[in-house]
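Structure first, commentary second.
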Amino acid sequence: MLRSRHTLPLAIIAIVIGGACAATALLFDWIPPVASEQSDRVDDLLWFVIWASIGIFTLVATVLIYSVFRFRAEPGDESDGPPTHGNTKLEIVWTIIPALLLASVAVWAYIVLSDNEALASDREVVNVTAQQFAWEYQYPDGSVGTGDLHLPVGRQVELKMRSRDVIHSFYVAEFHLKQDVVPGITTRLIINPTKTGTYQVICAELCGVGHGVMRSRVIVQSQEDYDAWLAQAQQKVQALSQQGANQPSDATPAPGTPGGDEAVEGAAGQDQGSGGTSTDGGETEGGE
Amino acid sequence: MATHAPTHGHPSSHEIHFDTRPLSYWWKRCVSWSVGSVFFAVALVWVLRNLFGNTPTWDAEVYTTAMAGLGTIGFLIGIGCFDWWWNWMLGRRVDYHDHSMHGARTWRDYFKVNTDHKVIATQYLVVVFSFFVIGGIFAELVRAELATPDETIGDAQTYNGLFSVHATLMIFLFIIPAFAGLANYVLPIMIGAKDMAFPRLNALSLWMLIPGGLMMAVSPIFGAFNAGWTAYTPLAVQGGTGATLFQVGVQVVGASSIATAINFLVTIFTMRAPGMTVWRMPLLVWANATTSALVVFGTPFIAGSQFMTLFDRVMGTNFFNPSAGGDVVMYQHVFWFYSHPAVYIMIIPGFGIISEVIATFSRKPIFGYRAIAFSTVAIAVLGFGVWAHHMFVSGMAAWLRVPMMITTIIIAIPTGVKVFSWLGTVWNGKLHLKTPMLFALGFISTFVIGGLSGVMLGTIPVDIQVTDTYFVVAHIHYVFVGGSLFTIFAGVYYWFPKMTGRMYNERLGVWSFWFMFVGFNLTFMPMHWLGLQGMPRRVAAYDERFETLNVFISVASLLMTVAVLIFFYNMITSWHHGPKAPWNPWRGRTLEWLVSSPPSLFNFEATPQVVGGPYQYGVPGARHAVVFAPEEIGGELTETERRTILVIANETVASSTLVDELRHRATEGFWRFTIAVPTEGRDRDAAERRLQVTLSALAESGIDASGLVVDGDVFTAAETVRQDEEVHEIVLATYPTGRSRWMAEDVVDRLRKATGIGITRVVVLPEDARRPLDQAGVRRVAVIARDALGAEGLVAALRERADREPIGVVLLHPMDLDGPGWTDEAEEQRTAAFDRVRATIDAIQEVGVQARGEVLDGDAAAAAKVAVTAHRAEHIVVVAARGGALDSDESLAAVRAAAGAVPVDSVVVDTEAPASPSGQAG
């Protein structure tokens, strides 16, 4: 059937539709700038799925559009089409081919996932605490607490994330990575930044009235800049603590003793009618 | 097998007393019960809290919960949902055939409780489209808010309420119940039932939607619930009174959904018309059966998740409070265990609608009917194994991600099978691009996009990147709008003539489609880009670089509003003064098109007969069902035309296998049988005798059958019959492959090619073909013979008797041994007797008389006793050789005495050369 008079028009329509889809895929800038090793791997996978999708969509749309023009009944034509009830061979083919495509997607995805989450021994560990509506980053070696996340380029970093109140989600579009921050448990995120620059940290999980402004920055620096910044920050902290301010020590609980104060604050949210506006101060901090 | 639809007395024989109480009575009662219940709730909680010393006495959430819960019950009591059950419970006399609330005579009947599934369906659709309008207004408010990157029409809190209520109303009060409403109308008719299985429960399901929906719709006034429709804890626990209303509302609407699902399941399983086997069910019925199973299994989980959240909020439990040992992620597991199957609850009935529409407007049988039916079930089963793909970044057990990705991706396969099958249906058809068909084709193209972005989201690394961004927003709208909403529109347009008895305006319908299709794609396609670029969902203020596109989207969404306005204008004006609709404007084949538009009070005047598949377009003379006309009930049926099945068999024609098969087929549909026996150059009279046996047995069972013997082969036989009548199907009876000459000659395939008609092969064992047919209509004749065995005269006598009436023969050889029965000599005699009996039986069978035989010790009288008792002989023939042992009056008298009431004949034959046995073929 397909070898006959249908072949040429089908091919033409397929080229037009496939071409339009491919042009849309290529001409627009679909993928945000890439700034981590993870994002490179995700991109390759995503493009594979996109091209496979374009193929399938082109197939469906081609048959649909051709049928609409070619098989439209003449006005007044009350007759029926041929009583084709099925075609076992065809049905097997269109079960197997998508199955193979999808199997390759699954295998690829599995490989990307394990590569993306493979731990390096020299990774930097940063503790992240989320609360309505601010991010807070603590560097364990120097007891430094900050509202912006500083990362050295070319070195793996592991974020250990906890929430003080509701679920948040740490999302940096340029890293192509996202991880929910859940009260009661510590979640982890592995990032290998590859490009220096300043990117936005977005809260991606609806967390209340300030969700839309719960932003902070991630600053990816060269190792030297990073070290310099860290040293400077440590000095600042020491200066502050000499003044008797104890804020930084509060904000940096010793690793390995989770729960504690977060749990107490989390419980406060349970009280009826107490609303979700108790931590408004965080908003300005996050905005910086 | 289908069971008979039921129980209703027939309207003409059963006087219906309509309820005469005016509308005002019901609504006054409803309002007073509702208000009374709400006050009662307040008083009850106040008393209890004081009694038990709960502080504070005035806790808004506790009061709201009680008011909403009891208010709902009060509303349902007041409107009258429980009246009948209440009377039954109190032991008052209730009429099980109480139809006083059944059917609508005026518009007023649509505003009170009704038990007619058609009225309920109309009420459903009006209610859900009202909520659709409210949800749509919320959607446009969302787009207004997003028209600028800052807060536009309200603060973030307002915005959170807007999209939460939008999603909730569209999902729980539009898509899910809209499918329930459409199916409520057409499904009982499609399976040939007079109503749903539980009409009063059906009414209750509908009326529960109203208080449940109102709670959700008004929740913004009371401090909107603002955790999104997913209502993740702990955020949902923080929410205001609106959140309580949402949680109670979900319970009410969920209960409605479960009740409807049970109703559908029972209806489909027990009330299908005779002949409506599962493989003759329209795909909409398949879809709703599957969906209902999903609802029954799944909905209790969302009920559980919301109960636990509600308990955390009002009762101080700690299900999801991490500081007290609760588990935040558990909420998501329980929630999605329902809410992912819910996605299929919201699309599978749409698949059903699309299958109906595409087959009808392509004028072709659905391509791969069974593949579509099985893939529906496969999606439903797999659908319970994928919930955690919503939780790839949630912090759940990491190992769970890959298995969930695999199951998720597997679901794409049956979904793909469906899409390809629809394309196969469209291909080479005769497409009529009416509005429902446009929506169906539009659905295919948009749903494919939604499915493909679903595969992307199912791929874990990609999901980690784009989840919780506008990519997900684009995906769900491609599935829910491009998927569910398009199918709902297709269904409403498709069945509008059936429901209202009037045609909609086709031109306006086409306009509404194009506005919808273009507006939809312009609105949601750019959201893929926004999501990939990193615009998170559920934010009122966003990055300025996304402004242009968001303005574009907000404007494009207005096109969809225009489409909806055209749709409503079309529906309302056409309902009032559209042209009258014929019974079957689309020339559909399923049962709802074989009844009037709108259908009569109980749909069918008599239970219809289903005789074939639902989509037999293009099959000459094929039909799905036979519906009887009202004026003919009790008398001659107007529909006398039966469809012919041609049965071809030669030596196997009188086998019990074949006769039983035909009897079974006769119960399935409105069939008549023409049995053709090709002689293939052999004894014509023998063929005739076998045929008479079969015809007599069938006639005895009340089956319409005729037969003829054709000189020639199978093909000649088929041709001969087809010259006289239209043949719908061929049944070919043969011996097992290996024994059968026909099979060796590949007759089945050749005959199929020669006739172009479907062939069913019935395999008959040779023993079965020759054994006497032990059924009513065939006379059981016992033949007692000794030395006459092998004589030509014996066979001739039986032949002559078989020409008079159909007989089955048992040949008895009494061995009146002289000496003891265990000697070698006696054994030799017995063996010789066996051989002679076998040879004689072969000779008898050769002339077309079925026979078996037995050698027994004793005299002729003993044989007669055996004939009467063991073989239940209706006639005994003693065949004696002239001058032989049985040729004596005493012997005959002894036989007569032993036979009792059974008549005994005597035949005396001359012994000559034994009839030669011959081979069998078939």
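In the structure tokens, chains take letters A, B, ... by order of appearance, with residues numbered from 1 within each chain and ligands from 1 in the order shown.
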(request) With a cut-off of 6 Å and counting only C-alpha atoms, select all residues of chain A in contact with chain B and give the selection as a PyMOL selection string. (result) chain A and resi 30+32+42+53+67+71-73+80-83+85-86+166+173+176-180+184+187+204+209+212+263+267+275
(message) List as a ChimeraX atom specification the protein and nucleic acid residues near Val34 (chain A), meaning an atom at most 10 Å away when only C-alpha atoms are counted, but skip any in the same chain fewer than 4 places from it.
(response) /A:38-40,43,173-176,193-195
The selected residues should be written to file as a PDB file, in the first residue's frame (atoms: N, CA and C atoms).
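Writing done, so here's selection_5.pdb:
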```pdb
ATOM      1  N   GLN A  38      27.123  18.050  34.764  1.00  0.00           N
ATOM      2  CA  GLN A  38      25.826  17.373  34.718  1.00  0.00           C
ATOM      3  C   GLN A  38      24.991  17.891  33.553  1.00  0.00           C
ATOM      4  N   SER A  39      25.025  19.209  33.372  1.00  0.00           N
ATOM      5  CA  SER A  39      24.133  19.762  32.343  1.00  0.00           C
ATOM      6  C   SER A  39      24.539  19.305  30.955  1.00  0.00           C
ATOM      7  N   ASP A  40      25.836  19.089  30.729  1.00  0.00           N
ATOM      8  CA  ASP A  40      26.256  18.581  29.414  1.00  0.00           C
ATOM      9  C   ASP A  40      25.638  17.218  29.139  1.00  0.00           C
ATOM     10  N   ASP A  43      21.947  17.453  28.577  1.00  0.00           N
ATOM     11  CA  ASP A  43      21.650  18.026  27.262  1.00  0.00           C
ATOM     12  C   ASP A  43      21.690  16.985  26.159  1.00  0.00           C
ATOM     13  N   ALA A 173      19.000  26.787  36.947  1.00  0.00           N
ATOM     14  CA  ALA A 173      18.703  26.381  35.568  1.00  0.00           C
ATOM     15  C   ALA A 173      19.977  26.053  34.802  1.00  0.00           C
ATOM     16  N   GLU A 174      21.035  26.821  35.029  1.00  0.00           N
ATOM     17  CA  GLU A 174      22.269  26.630  34.253  1.00  0.00           C
ATOM     18  C   GLU A 174      22.950  25.305  34.605  1.00  0.00           C
ATOM     19  N   PHE A 175      22.710  24.818  35.804  1.00  0.00           N
ATOM     20  CA  PHE A 175      23.268  23.516  36.179  1.00  0.00           C
ATOM     21  C   PHE A 175      22.390  22.357  35.704  1.00  0.00           C
ATOM     22  N   HIS A 176      21.179  22.667  35.270  1.00  0.00           N
ATOM     23  CA  HIS A 176      20.199  21.641  34.887  1.00  0.00           C
ATOM     24  C   HIS A 176      19.909  20.715  36.066  1.00  0.00           C
ATOM     25  N   PRO A 193      30.609  22.298  38.845  1.00  0.00           N
ATOM     26  CA  PRO A 193      30.533  23.533  38.042  1.00  0.00           C
ATOM     27  C   PRO A 193      31.687  23.578  37.054  1.00  0.00           C
ATOM     28  N   THR A 194      31.403  24.059  35.859  1.00  0.00           N
ATOM     29  CA  THR A 194      32.449  24.106  34.836  1.00  0.00           C
ATOM     30  C   THR A 194      32.699  25.520  34.335  1.00  0.00           C
ATOM     31  N   LYS A 195      31.854  26.467  34.707  1.00  0.00           N
ATOM     32  CA  LYS A 195      32.003  27.809  34.148  1.00  0.00           C
ATOM     33  C   LYS A 195      31.859  28.828  35.270  1.00  0.00           C
TER      34      LYS A 195
END
```
(request) For Val105 (chain A), list every protein, DNA or RNA residue within 9 Å, evaluated using only C-alpha atoms, and leave out those in the same chain fewer than 5 positions away; present the list as a VMD selection string. (result) (chain A and resid 45 48 to 49 100 110) or (chain B and resid 409 459)
Using DSSP on the backbone, list every residue of region 2-216 of chain A that comes out as strand (DSSP E or B), and give them as a short mmCIF file (atom, residue, chain, number, x, y, z; two decimals) with N, CA and C atoms, in the first residue's frame.
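The result, written out as selection-v3.cif:
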```cif
data_model
loop_
_atom_site.label_atom_id
_atom_site.label_comp_id
_atom_site.auth_asym_id
_atom_site.auth_seq_id
_atom_site.Cartn_x
_atom_site.Cartn_y
_atom_site.Cartn_z
N SER A 36 27.62 23.21 34.11
CA SER A 36 28.10 22.12 34.96
C SER A 36 28.31 20.88 34.11
N ARG A 72 -10.70 12.44 2.53
CA ARG A 72 -11.92 13.14 2.89
C ARG A 72 -13.05 12.70 1.96
N GLU A 124 33.89 19.33 47.76
CA GLU A 124 33.61 20.33 48.78
C GLU A 124 32.20 20.08 49.29
N VAL A 125 31.98 20.14 50.60
CA VAL A 125 30.64 19.93 51.13
C VAL A 125 30.12 21.25 51.69
N VAL A 126 28.94 21.62 51.24
CA VAL A 126 28.32 22.85 51.75
C VAL A 126 26.96 22.49 52.33
N ASN A 127 26.69 22.99 53.50
CA ASN A 127 25.36 22.76 54.08
C ASN A 127 24.41 23.87 53.64
N VAL A 128 23.25 23.46 53.20
CA VAL A 128 22.26 24.43 52.74
C VAL A 128 21.05 24.32 53.66
N THR A 129 20.58 25.46 54.12
CA THR A 129 19.36 25.44 54.92
C THR A 129 18.35 26.34 54.24
N ALA A 130 17.16 25.81 54.03
CA ALA A 130 16.11 26.60 53.41
C ALA A 130 15.04 26.87 54.44
N GLN A 131 14.47 28.03 54.36
CA GLN A 131 13.32 28.34 55.21
C GLN A 131 12.48 29.36 54.46
N ALA A 134 14.08 32.03 52.38
CA ALA A 134 15.48 32.38 52.20
C ALA A 134 16.35 31.15 52.14
N TRP A 135 17.48 31.31 51.50
CA TRP A 135 18.50 30.27 51.45
C TRP A 135 19.65 30.68 52.35
N GLU A 136 20.28 29.71 52.96
CA GLU A 136 21.42 30.00 53.82
C GLU A 136 22.46 28.91 53.54
N TYR A 137 23.74 29.35 53.39
CA TYR A 137 24.78 28.38 53.05
C TYR A 137 25.85 28.41 54.12
N GLN A 138 26.23 27.23 54.57
CA GLN A 138 27.25 27.17 55.61
C GLN A 138 28.43 26.33 55.16
N TYR A 139 29.62 26.88 55.38
CA TYR A 139 30.84 26.16 55.02
C TYR A 139 31.42 25.56 56.28
N VAL A 144 31.42 29.47 58.21
CA VAL A 144 30.96 30.67 57.52
C VAL A 144 29.51 30.50 57.10
N GLY A 145 28.67 31.45 57.41
CA GLY A 145 27.29 31.43 56.94
C GLY A 145 27.08 32.57 55.98
N THR A 146 26.38 32.32 54.90
CA THR A 146 26.22 33.37 53.89
C THR A 146 24.91 33.21 53.14
N LEU A 149 25.74 31.52 47.49
CA LEU A 149 26.51 30.28 47.45
C LEU A 149 27.76 30.51 46.60
N HIS A 150 28.92 30.35 47.20
CA HIS A 150 30.17 30.48 46.44
C HIS A 150 30.70 29.09 46.16
N LEU A 151 31.06 28.85 44.89
CA LEU A 151 31.58 27.53 44.54
C LEU A 151 32.86 27.69 43.73
N PRO A 152 33.83 26.81 43.95
CA PRO A 152 35.02 26.82 43.12
C PRO A 152 34.73 26.10 41.80
N VAL A 157 31.09 19.66 44.15
CA VAL A 157 30.56 20.12 45.42
C VAL A 157 29.32 19.30 45.76
N GLU A 158 29.19 18.98 47.03
CA GLU A 158 28.01 18.25 47.48
C GLU A 158 27.24 19.17 48.42
N LEU A 159 25.98 19.41 48.05
CA LEU A 159 25.15 20.23 48.92
C LEU A 159 24.37 19.29 49.83
N LYS A 160 24.45 19.56 51.13
CA LYS A 160 23.61 18.80 52.08
C LYS A 160 22.53 19.76 52.54
N MET A 161 21.29 19.42 52.21
CA MET A 161 20.25 20.42 52.32
C MET A 161 19.19 20.01 53.33
N ARG A 162 18.84 21.00 54.15
CA ARG A 162 17.76 20.77 55.11
C ARG A 162 16.81 21.95 55.09
N SER A 163 15.57 21.67 55.50
CA SER A 163 14.58 22.74 55.53
C SER A 163 14.12 22.97 56.96
N HIS A 168 11.07 23.06 50.11
CA HIS A 168 11.58 23.98 49.11
C HIS A 168 12.29 23.14 48.05
N SER A 169 12.75 23.81 47.02
CA SER A 169 13.50 23.06 46.02
C SER A 169 14.62 23.93 45.48
N PHE A 170 15.84 23.41 45.55
CA PHE A 170 17.02 24.14 45.11
C PHE A 170 17.17 23.92 43.60
N TYR A 171 17.12 25.01 42.86
CA TYR A 171 17.11 24.88 41.39
C TYR A 171 18.01 25.93 40.78
N VAL A 172 18.98 25.49 39.99
CA VAL A 172 19.78 26.41 39.20
C VAL A 172 19.65 25.95 37.75
N LEU A 177 19.93 21.23 37.25
CA LEU A 177 19.78 20.38 38.42
C LEU A 177 18.76 20.97 39.38
N LYS A 178 18.17 20.07 40.13
CA LYS A 178 17.14 20.51 41.05
C LYS A 178 17.03 19.45 42.13
N GLN A 179 16.78 19.88 43.34
CA GLN A 179 16.58 18.91 44.42
C GLN A 179 15.68 19.53 45.47
N ASP A 180 14.65 18.78 45.87
CA ASP A 180 13.77 19.28 46.92
C ASP A 180 14.52 19.32 48.24
N VAL A 181 14.16 20.29 49.06
CA VAL A 181 14.71 20.41 50.40
C VAL A 181 13.54 20.15 51.35
N THR A 187 18.61 16.12 52.22
CA THR A 187 18.75 15.69 50.82
C THR A 187 20.07 16.19 50.29
N ARG A 188 20.56 15.54 49.23
CA ARG A 188 21.88 15.88 48.70
C ARG A 188 21.79 16.23 47.23
N LEU A 189 22.72 17.08 46.83
CA LEU A 189 22.79 17.41 45.41
C LEU A 189 24.26 17.49 45.04
N ILE A 190 24.63 16.83 43.94
CA ILE A 190 26.02 16.82 43.48
C ILE A 190 26.15 17.74 42.27
N ILE A 191 27.08 18.68 42.33
CA ILE A 191 27.28 19.61 41.20
C ILE A 191 28.77 19.65 40.86
N PRO A 193 30.61 22.30 38.85
CA PRO A 193 30.53 23.53 38.04
C PRO A 193 31.69 23.58 37.05
N GLY A 197 30.91 32.36 36.92
CA GLY A 197 29.80 33.26 36.63
C GLY A 197 28.85 33.30 37.81
N THR A 198 27.84 34.13 37.68
CA THR A 198 26.85 34.26 38.74
C THR A 198 25.50 33.80 38.21
N TYR A 199 24.92 32.87 38.88
CA TYR A 199 23.64 32.33 38.43
C TYR A 199 22.62 32.47 39.54
N GLN A 200 21.35 32.28 39.14
CA GLN A 200 20.29 32.46 40.11
C GLN A 200 19.91 31.12 40.74
N VAL A 201 19.76 31.11 42.05
CA VAL A 201 19.18 29.96 42.73
C VAL A 201 17.70 30.25 42.91
N ILE A 202 16.87 29.35 42.44
CA ILE A 202 15.43 29.56 42.45
C ILE A 202 14.81 28.51 43.35
N CYS A 203 13.82 28.91 44.12
CA CYS A 203 13.04 27.89 44.83
C CYS A 203 11.99 27.38 43.87
N ARG A 215 14.85 33.71 46.22
CA ARG A 215 15.98 33.55 45.29
C ARG A 215 17.28 33.82 46.03
N SER A 216 18.34 33.29 45.52
CA SER A 216 19.66 33.75 45.96
C SER A 216 20.60 33.55 44.79
#
```
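For the pair CA of Phe517 (chain B) and CA of Val479 (chain B), the separation is 13.5 Å.
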(request) Quick one: everything within 9 Å of region 789-800 of chain B, counting only C-alpha atoms, minus sequence neighbours fewer than 2 positions away in the same chain. Send it as a count of residues only. (result) 35
(message) Residues of region 772-903 of chain B classed as alpha helix (DSSP H) by DSSP on the backbone are to be reported as a ChimeraX atom specification.
(response) /B:792-804,824-846,860-869,889-899
(request) List the neighbours of Ile189 (chain B) out to 7 Å using only C-alpha atoms; skip same-chain residues closer than 4 positions along the sequence, and give me the result as a ChimeraX atom specification. (result) /B:193-194,591-592,603
Only N, CA and C atoms, please: the residues just picked out, written as a PDB file, in the first residue's frame.
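Saved as again38.pdb:
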```pdb
ATOM      1  N   ALA B 193     -29.070  -1.313  28.111  1.00  0.00           N
ATOM      2  CA  ALA B 193     -29.755  -1.345  29.409  1.00  0.00           C
ATOM      3  C   ALA B 193     -30.763  -0.206  29.501  1.00  0.00           C
ATOM      4  N   LYS B 194     -31.697  -0.359  30.440  1.00  0.00           N
ATOM      5  CA  LYS B 194     -32.732   0.655  30.563  1.00  0.00           C
ATOM      6  C   LYS B 194     -32.304   1.797  31.466  1.00  0.00           C
ATOM      7  N   LEU B 591     -25.493   1.127  19.813  1.00  0.00           N
ATOM      8  CA  LEU B 591     -26.916   1.046  20.157  1.00  0.00           C
ATOM      9  C   LEU B 591     -27.587   2.389  20.388  1.00  0.00           C
ATOM     10  N   GLU B 592     -26.819   3.382  20.890  1.00  0.00           N
ATOM     11  CA  GLU B 592     -27.510   4.642  21.200  1.00  0.00           C
ATOM     12  C   GLU B 592     -28.065   5.290  19.941  1.00  0.00           C
ATOM     13  N   ASN B 603     -35.366   4.000  27.417  1.00  0.00           N
ATOM     14  CA  ASN B 603     -34.443   3.787  26.297  1.00  0.00           C
ATOM     15  C   ASN B 603     -34.954   2.792  25.272  1.00  0.00           C
TER      16      ASN B 603
END
```
(request) Mind giving me the straight-line distance from CA of Ala649 (chain B) to CA of Ala733 (chain B) in Å, one decimal? (result) 5.0 Å
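In this structure, CA of Pro149 (chain B) sits 14.9 Å away from CA of Gly210 (chain A).
Excluding region 850-853 of chain B and any residue on its chain fewer than 6 positions from it, the residues at most 8 Å away by only C-alpha atoms are Arg690, Ala769, Arg770, Arg771, Pro772, Leu773, Ile807, Gly808, Val809, Val810, Leu811, Leu812, His813, Val837, Arg838, Ile841 and Ile844 of chain B.
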Just to be explicit: take each residue in the selection above, keep C-alpha atoms, and write the result as a tab-separated table (two decimals), in the first residue's frame.
```tsv
chain	number	residue	atom	x	y	z
B	690	ARG	CA	-27.34	-36.99	7.99
B	769	ALA	CA	-19.49	-37.71	13.68
B	770	ARG	CA	-20.60	-41.36	13.54
B	771	ARG	CA	-22.07	-41.85	16.97
B	772	PRO	CA	-25.86	-41.43	17.06
B	773	LEU	CA	-26.87	-37.89	17.93
B	807	ILE	CA	-32.83	-41.88	13.49
B	808	GLY	CA	-29.79	-42.94	15.44
B	809	VAL	CA	-29.10	-46.66	15.57
B	810	VAL	CA	-27.70	-48.86	18.27
B	811	LEU	CA	-26.98	-52.33	16.99
B	812	LEU	CA	-27.32	-55.11	19.55
B	813	HIS	CA	-25.97	-58.57	18.94
B	837	VAL	CA	-21.11	-55.91	14.23
B	838	ARG	CA	-18.30	-53.51	13.33
B	841	ILE	CA	-22.05	-50.51	11.62
B	844	ILE	CA	-24.97	-48.47	8.10
```
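With distances restricted to only C-alpha atoms, B:Thr831 is the closest residue to Val855 (chain B) from B:Thr407, B:Thr869, B:Thr831, B:Thr500.
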